[in-house]
file work35.txt (compact mmCIF, C-alpha atoms)
# COMPACT_ATOMS: atom_id res chain seq x y z
CA ALA A 1 -28.07 31.54 51.51
CA TRP A 2 -27.34 28.29 49.58
CA PHE A 3 -26.08 30.29 46.61
CA GLY A 4 -23.47 31.95 48.81
CA THR A 5 -21.95 28.60 49.79
CA TYR A 6 -22.13 27.12 46.24
CA ILE A 7 -20.28 30.11 44.77
CA ILE A 8 -17.09 28.70 46.34
CA ILE A 9 -17.33 25.58 44.08
CA ARG A 10 -18.07 27.83 41.10
CA ALA A 11 -15.00 29.93 41.91
CA ARG A 12 -12.90 26.76 42.16
CA ASP A 13 -14.09 25.70 38.66
CA MET A 14 -13.29 29.16 37.33
CA LEU A 15 -9.75 28.93 38.69
CA LYS A 16 -9.36 25.50 37.05
CA LEU A 17 -10.49 26.91 33.69
CA LEU A 18 -8.15 29.89 33.95
CA ALA A 19 -5.27 27.49 34.76
CA ARG A 20 -6.11 25.58 31.53
CA SER A 21 -5.69 28.80 29.42
CA VAL A 22 -9.42 29.51 29.04
CA PRO A 23 -9.87 33.26 28.34
CA PHE A 24 -11.21 35.30 31.31
CA PRO A 25 -14.47 36.53 29.60
CA GLN A 26 -15.34 32.86 28.85
CA ALA A 27 -14.26 31.52 32.27
CA VAL A 28 -16.48 34.10 34.09
CA LYS A 29 -19.59 32.48 32.52
CA ILE A 30 -19.14 29.50 34.88
CA LEU A 31 -20.44 31.70 37.74
CA SER A 32 -23.89 31.94 36.10
CA ASP A 33 -26.62 29.30 36.64
CA GLY A 34 -26.99 26.34 34.23
CA VAL A 35 -23.35 26.44 33.08
CA TYR A 36 -21.08 23.61 34.14
CA CYS A 37 -17.52 22.66 33.27
CA ASP A 38 -15.57 19.44 32.69
CA ILE A 39 -11.81 19.04 32.30
CA ILE A 40 -11.07 15.81 30.38
CA LYS A 41 -7.56 14.38 30.82
CA ILE A 42 -6.31 12.81 27.59
CA GLY A 43 -2.60 12.48 28.43
CA GLY A 44 -2.65 8.84 29.62
CA MET A 45 -4.99 7.49 26.93
CA VAL A 46 -2.29 7.00 24.25
CA ARG A 47 1.24 5.88 25.03
CA ASN A 48 2.94 6.81 21.77
CA LYS A 49 3.62 10.56 21.63
CA GLU A 50 3.37 10.87 17.82
CA ARG A 51 0.06 9.01 17.79
CA PHE A 52 -1.24 11.18 20.65
CA VAL A 53 -0.41 14.40 18.74
CA LYS A 54 -2.10 13.08 15.56
CA ARG A 55 -5.32 12.14 17.37
CA ARG A 56 -5.43 15.41 19.28
CA GLN A 57 -5.03 17.30 15.99
CA ARG A 58 -7.80 15.16 14.48
CA MET A 59 -10.12 16.44 17.25
CA VAL A 60 -9.32 20.06 16.33
CA GLY A 61 -9.52 19.49 12.56
CA PRO A 62 -8.21 21.68 9.71
CA ASN A 63 -8.35 25.34 10.85
CA GLY A 64 -10.40 24.23 13.89
CA SER A 65 -13.41 23.20 11.74
CA THR A 66 -14.09 19.90 13.61
CA LEU A 67 -13.95 21.64 16.99
CA LYS A 68 -16.29 24.38 15.75
CA ALA A 69 -18.82 21.76 14.54
CA ILE A 70 -18.72 20.01 17.96
CA GLU A 71 -19.30 23.37 19.73
CA ILE A 72 -22.31 24.23 17.51
CA LEU A 73 -23.97 20.79 17.83
CA THR A 74 -23.45 20.43 21.62
CA ASN A 75 -23.88 24.14 22.58
CA CYS A 76 -20.63 23.94 24.55
CA TYR A 77 -17.33 25.81 24.63
CA VAL A 78 -14.40 23.38 23.95
CA LEU A 79 -10.71 24.20 24.31
CA VAL A 80 -7.95 21.66 23.57
CA GLN A 81 -4.81 22.61 25.48
CA GLY A 82 -1.81 20.33 26.14
CA GLN A 83 -2.95 17.06 27.74
CA THR A 84 -6.45 18.23 28.72
CA VAL A 85 -9.69 19.30 27.04
CA SER A 86 -11.70 22.03 28.84
CA VAL A 87 -15.47 22.00 28.21
CA MET A 88 -18.16 24.48 29.34
CA GLY A 89 -21.92 24.09 28.83
CA ASP A 90 -25.00 22.17 30.00
CA ILE A 91 -24.79 18.62 31.38
CA ARG A 92 -26.12 16.90 28.23
CA GLY A 93 -23.59 18.74 26.08
CA LEU A 94 -20.73 17.89 28.49
CA LYS A 95 -21.59 14.17 28.26
CA ALA A 96 -21.66 14.29 24.44
CA VAL A 97 -18.30 16.10 24.26
CA ARG A 98 -16.67 13.67 26.72
CA ARG A 99 -17.83 10.73 24.61
CA ILE A 100 -16.48 12.33 21.40
CA VAL A 101 -13.09 13.13 23.02
CA GLU A 102 -12.61 9.66 24.55
CA ASP A 103 -13.59 7.90 21.30
CA CYS A 104 -11.26 10.16 19.31
CA MET A 105 -8.34 9.12 21.53
CA ARG A 106 -9.41 5.47 20.96
CA ASN A 107 -8.97 6.01 17.19
CA ILE A 108 -12.65 6.67 16.31
CA HIS A 109 -12.96 9.76 14.13
CA PRO A 110 -15.13 12.65 15.50
CA VAL A 111 -16.88 12.95 12.12
CA TYR A 112 -19.00 9.86 12.91
CA HIS A 113 -20.25 11.47 16.14
CA ILE A 114 -20.86 14.80 14.36
CA LYS A 115 -23.02 12.99 11.78
CA GLU A 116 -24.96 11.27 14.58
CA LEU A 117 -25.53 14.59 16.42
CA MET A 118 -26.79 16.24 13.20
CA ILE A 119 -29.37 13.43 12.70
CA LYS A 120 -30.47 13.69 16.33
CA ARG A 121 -30.88 17.46 15.94
CA GLU A 122 -33.16 17.00 12.93
CA LEU A 123 -35.18 14.28 14.68
CA ALA A 124 -35.66 16.48 17.77
CA LYS A 125 -37.44 19.08 15.61
CA ASP A 126 -40.19 16.58 14.68
CA PRO A 127 -42.77 16.41 17.57
CA ASN A 128 -44.02 12.94 16.49
CA LEU A 129 -40.55 11.35 16.76
CA ARG A 130 -39.52 13.17 19.93
CA GLU A 131 -40.64 10.38 22.29
CA GLU A 132 -39.58 7.43 20.04
CA ASN A 133 -36.37 5.43 19.92
CA TRP A 134 -33.95 6.87 17.33
CA ASP A 135 -31.66 3.86 16.93
CA ARG A 136 -33.20 2.89 13.57
CA PHE A 137 -32.38 6.33 12.15
CA LEU A 138 -28.80 6.52 13.43
CA PRO A 139 -25.94 5.18 11.25
CA HIS A 140 -24.05 2.07 12.39
CA PHE A 141 -20.45 2.15 11.21
CA LYS A 142 -18.50 -1.10 10.93
CA LYS A 143 -14.94 -1.33 12.13
CA ARG A 144 -12.44 -1.78 9.32
CA ASN A 145 -8.98 -3.15 9.87
CA VAL A 146 -6.81 -1.31 7.37
CA GLN A 147 -3.73 -3.33 6.45
CA ARG A 148 -0.63 -1.32 7.08
CA LYS A 149 2.90 -1.93 5.96
CA LYS A 150 4.73 -4.13 8.40
CA THR A 151 7.99 -2.66 9.50
CA LYS A 152 10.87 -5.11 9.34
CA ILE A 153 12.51 -5.69 12.68
CA VAL A 154 16.25 -5.61 12.16
CA LYS A 155 18.04 -7.73 14.73
CA LYS A 156 21.10 -6.10 16.16
CA LYS A 157 24.29 -8.10 16.04
CA ASP A 158 25.54 -9.28 19.39
CA LYS A 159 28.60 -7.24 20.18
CA PRO A 160 31.40 -9.03 22.04
CA LEU A 161 31.95 -8.05 25.66
CA PHE A 162 35.63 -7.30 25.19
CA PRO A 163 37.11 -5.18 22.39
CA PRO A 164 39.19 -6.93 19.67
CA GLU A 165 42.90 -7.37 20.22
CA PRO A 166 44.99 -4.55 18.70
CA ALA A 167 47.11 -5.35 15.62
CA PRO A 168 50.78 -6.04 16.51
CA ARG A 169 53.28 -3.29 15.79
CA LYS A 170 56.23 -3.69 13.44
CA GLU A 171 58.62 -3.65 16.40
CA ASP A 172 56.64 -6.48 18.10
CA LEU A 173 56.88 -8.66 14.99
CA MET A 174 60.61 -7.98 14.72
CA MET A 175 61.08 -8.94 18.38
CA GLU A 176 59.21 -12.23 17.84
CA SER A 177 61.41 -13.15 14.85
CA GLY A 178 64.58 -11.96 16.60
CA GLU A 179 65.37 -9.44 13.86
CA TYR A 180 65.05 -6.53 16.28
CA PHE A 181 68.24 -7.52 18.13
CA LEU A 182 70.36 -7.90 14.96
CA SER A 183 72.68 -5.21 13.62
CA GLU A 184 71.92 -3.28 10.41
CA ALA A 185 74.47 -5.30 8.39
CA ASP A 186 72.96 -8.62 9.56
CA ARG A 187 69.50 -7.41 8.66
CA GLN A 188 70.62 -6.45 5.16
CA ALA A 189 72.35 -9.84 4.71
CA LYS A 190 69.19 -11.67 5.87
CA LYS A 191 67.01 -9.68 3.46
CA ALA A 192 69.44 -10.42 0.59
CA SER A 193 69.38 -14.18 1.36
CA GLU A 194 65.57 -14.17 1.48
CA ARG A 195 65.51 -12.34 -1.84
CA ARG A 196 67.86 -14.96 -3.43
CA GLU A 197 65.71 -17.84 -2.16
CA ALA A 198 62.58 -16.25 -3.55
CA GLN A 199 64.28 -15.74 -6.94
CA LYS A 200 65.47 -19.40 -6.98
CA SER A 201 61.97 -20.71 -6.24
CA LYS A 202 60.52 -18.51 -9.00
CA SER A 203 63.13 -19.62 -11.55
CA GLU A 204 62.51 -23.31 -10.72
CA ALA A 205 58.78 -22.82 -11.18
CA ARG A 206 59.39 -21.18 -14.58
CA LYS A 207 61.69 -24.05 -15.68
CA GLN A 208 59.06 -26.61 -14.76
CA GLU A 209 56.47 -24.71 -16.81
CA ARG A 210 58.82 -24.64 -19.83
CA ASN A 211 59.63 -28.39 -19.53
CA LYS A 212 55.94 -29.25 -19.49
CA GLU A 213 55.73 -28.29 -23.19
CA PHE A 214 58.33 -30.98 -24.12
CA GLU A 215 56.74 -33.80 -22.08
CA PRO A 216 54.82 -36.41 -24.16
CA PRO A 217 51.06 -36.52 -23.58
CA ALA A 218 49.82 -39.29 -21.31
CA PRO A 219 48.13 -42.26 -23.10
CA SER A 220 44.41 -41.70 -22.90
CA ALA A 221 42.53 -44.78 -21.75
CA LYS A 222 39.52 -45.57 -23.88
CA LYS A 223 36.26 -44.97 -22.16
CA ARG A 224 34.21 -47.99 -21.29
CA LYS A 225 30.69 -48.04 -22.73
CA ARG A 226 27.62 -48.32 -20.56
CA GLY A 227 26.62 -51.87 -19.68
CA GLU A 228 30.10 -53.29 -20.42
CA SER A 229 31.97 -55.08 -17.65
CA ALA A 230 35.74 -55.23 -17.08
CA ASP A 231 35.93 -58.77 -18.62
CA ASP A 232 34.24 -57.60 -21.82
CA THR A 233 36.70 -54.77 -22.20
CA SER A 234 39.71 -57.11 -21.62
CA LYS A 235 38.36 -59.52 -24.29
CA GLN A 236 37.97 -56.66 -26.77
CA GLU A 237 41.53 -55.52 -26.08
CA GLY A 238 42.81 -59.10 -26.65
CA LEU A 239 40.97 -59.34 -29.98
CA GLN A 240 42.42 -56.00 -31.07
CA ASP A 241 45.96 -57.25 -30.28
CA LEU A 242 45.40 -60.45 -32.32
CA THR A 243 44.12 -58.51 -35.32
CA GLU A 244 47.11 -56.16 -35.18
CA ARG A 245 49.56 -59.14 -35.05
CA LEU A 246 47.85 -60.86 -37.99
CA LYS A 247 47.98 -57.62 -39.98
CA LYS A 248 51.71 -57.30 -39.29
CA LYS A 249 52.35 -60.93 -40.38
CA ALA A 250 50.34 -60.38 -43.55
CA LYS A 251 52.36 -57.26 -44.34
CA ALA A 252 55.61 -59.15 -43.73
CA ARG A 253 54.52 -61.94 -46.15
CA ASP A 254 53.58 -59.43 -48.80
CA THR A 255 56.96 -57.73 -48.54
CA LEU A 256 58.78 -61.16 -48.79
CA THR A 257 56.78 -62.23 -51.84
CA LYS A 258 57.43 -58.91 -53.54
CA ALA A 259 61.18 -59.18 -52.81
CA ASN A 260 61.30 -62.76 -54.21
CA LYS A 261 59.48 -61.73 -57.37
CA LYS A 262 61.90 -58.83 -57.84
CA LYS A 263 64.94 -61.13 -57.50
CA LYS A 264 63.50 -63.61 -60.02
CA ALA A 265 62.85 -60.78 -62.48
CA GLU A 266 66.39 -59.46 -62.07
CA GLY A 267 67.82 -63.02 -62.56
CA LEU A 268 65.90 -63.44 -65.80
CA LEU A 269 67.15 -60.14 -67.10
CA MET A 270 70.79 -61.02 -66.29
CA GLN A 271 70.69 -64.31 -68.34
CA PRO A 272 72.32 -64.05 -71.85
CA GLY A 273 70.48 -64.41 -75.03

call {"tool": "encode", "arguments": {"input": "work35.txt", "output": "structure tokens"}}
result
Amino acid sequence: AWFGTYIIIRARDMLKLLARSVPFPQAVKILSDGVYCDIIKIGGMVRNKERFVKRRQRMVGPNGSTLKAIEILTNCYVLVQGQTVSVMGDIRGLKAVRRIVEDCMRNIHPVYHIKELMIKRELAKDPNLREENWDRFLPHFKKRNVQRKKTKIVKKKDKPLFPPEPAPRKEDLMMESGEYFLSEADRQAKKASERREAQKSKSEARKQERNKEFEPPAPSAKKRKRGESADDTSKQEGLQDLTERLKKKAKARDTLTKANKKKKAEGLLMQPG
């Protein structure tokens, strides 16, 4: 009698499995004794869609090899479909698969759990170790923080609220200058006068450049040495002036003496006899 009432729950589970794309021959097995099902929701575990797809694919493995290994080690049927994972098997197997799926979505690779299940399977065969604690035999993997390339955050430039003012039209510029209201003849006369003024300014600039060649160079002031004050430099300049004056006087004397000697020699030559 109890089986008749419990078959309703079994039928509900079967409908759930069929809704999750489990094939009918496999879904029918849920009606038999000792077979249970679990539908694990993985959609809300990872926010980023690309990351979610990668981790879900990691659970399946290349050509479904990882999923096949999980099925063999847990004696369960596992189907990954959309945002859920459908599992069928005994209670111990369902717990193991749930743990693998949740850890996979938390970025722990299923290979570590597969290795652990393989060791447990070998230890279960030994009758002496069946009742002992297996923690010393199981591998303990350390978490490694792999350094990834940091993506540079490019700050967007603050755009102004209002668009820039449009460039003024030619007609607007002519209206501002008053040229728009002139006749064609007046416009031509204005352009000709502007042209003449521009030519005059250019010709004046050229004349100034030509005249620069004929200008005498500016007297270069002698550079003052380091450590010399303004008084020292003025004294040196005064001494230089004195020496130049004395040199000029000496030259003048030499020229006078030479002239006198010449006159005396000419006088002697002019005397008779």

call {"tool": "closest_residue", "arguments": {"input": "work35.txt", "among": "A:Leu117, A:Arg55, A:Val22, A:Pro168", "to": "Met105 (chain A)", "atoms": "only C-alpha atoms"}}
result
A:Arg55

call {"tool": "closest_residue", "arguments": {"input": "work35.txt", "among": "A:Met45, A:Leu123, A:Leu17, A:Met118", "to": "Leu79 (chain A)", "atoms": "only C-alpha atoms"}}
result
A:Leu17

call {"tool": "atom_distance", "arguments": {"input": "work35.txt", "atom1": "CA of Ile100 (chain A)", "atom2": "CA of His113 (chain A)"}}
result
6.5 Å

call {"tool": "closest_residue", "arguments": {"input": "work35.txt", "among": "A:Lys170, A:Asn260, A:Val80, A:Thr74", "to": "Gly93 (chain A)", "atoms": "all atoms listed in the file"}}
result
A:Thr74

call {"tool": "closest_residue", "arguments": {"input": "work35.txt", "among": "A:Glu131, A:Val28, A:Ala11, A:Arg106", "to": "Phe52 (chain A)", "atoms": "only C-alpha atoms"}}
result
A:Arg106

call {"tool": "closest_residue", "arguments": {"input": "work35.txt", "among": "A:Glu165, A:Asp13, A:Glu197, A:Glu102", "to": "Val35 (chain A)", "atoms": "all atoms listed in the file"}}
result
A:Asp13

call {"tool": "atom_distance", "arguments": {"input": "work35.txt", "atom1": "CA of Pro62 (chain A)", "atom2": "CA of Ala27 (chain A)"}}
result
25.3 Å

call {"tool": "atom_distance", "arguments": {"input": "work35.txt", "atom1": "CA of Met59 (chain A)", "atom2": "CA of Cys104 (chain A)"}}
result
6.7 Å

call {"tool": "closest_residue", "arguments": {"input": "work35.txt", "among": "A:Arg12, A:Lys29, A:Asp38, A:Asn107", "to": "Arg58 (chain A)", "atoms": "all atoms listed in the file"}}
result
A:Asn107

call {"tool": "residues_around", "arguments": {"input": "work35.txt", "residues": "Tyr180 (chain A)", "least_positions_apart": "5", "cutoff": "8 Å", "atoms": "only C-alpha atoms", "output": "list of chain:residue names"}}
result
A:Glu171, A:Met174, A:Met175
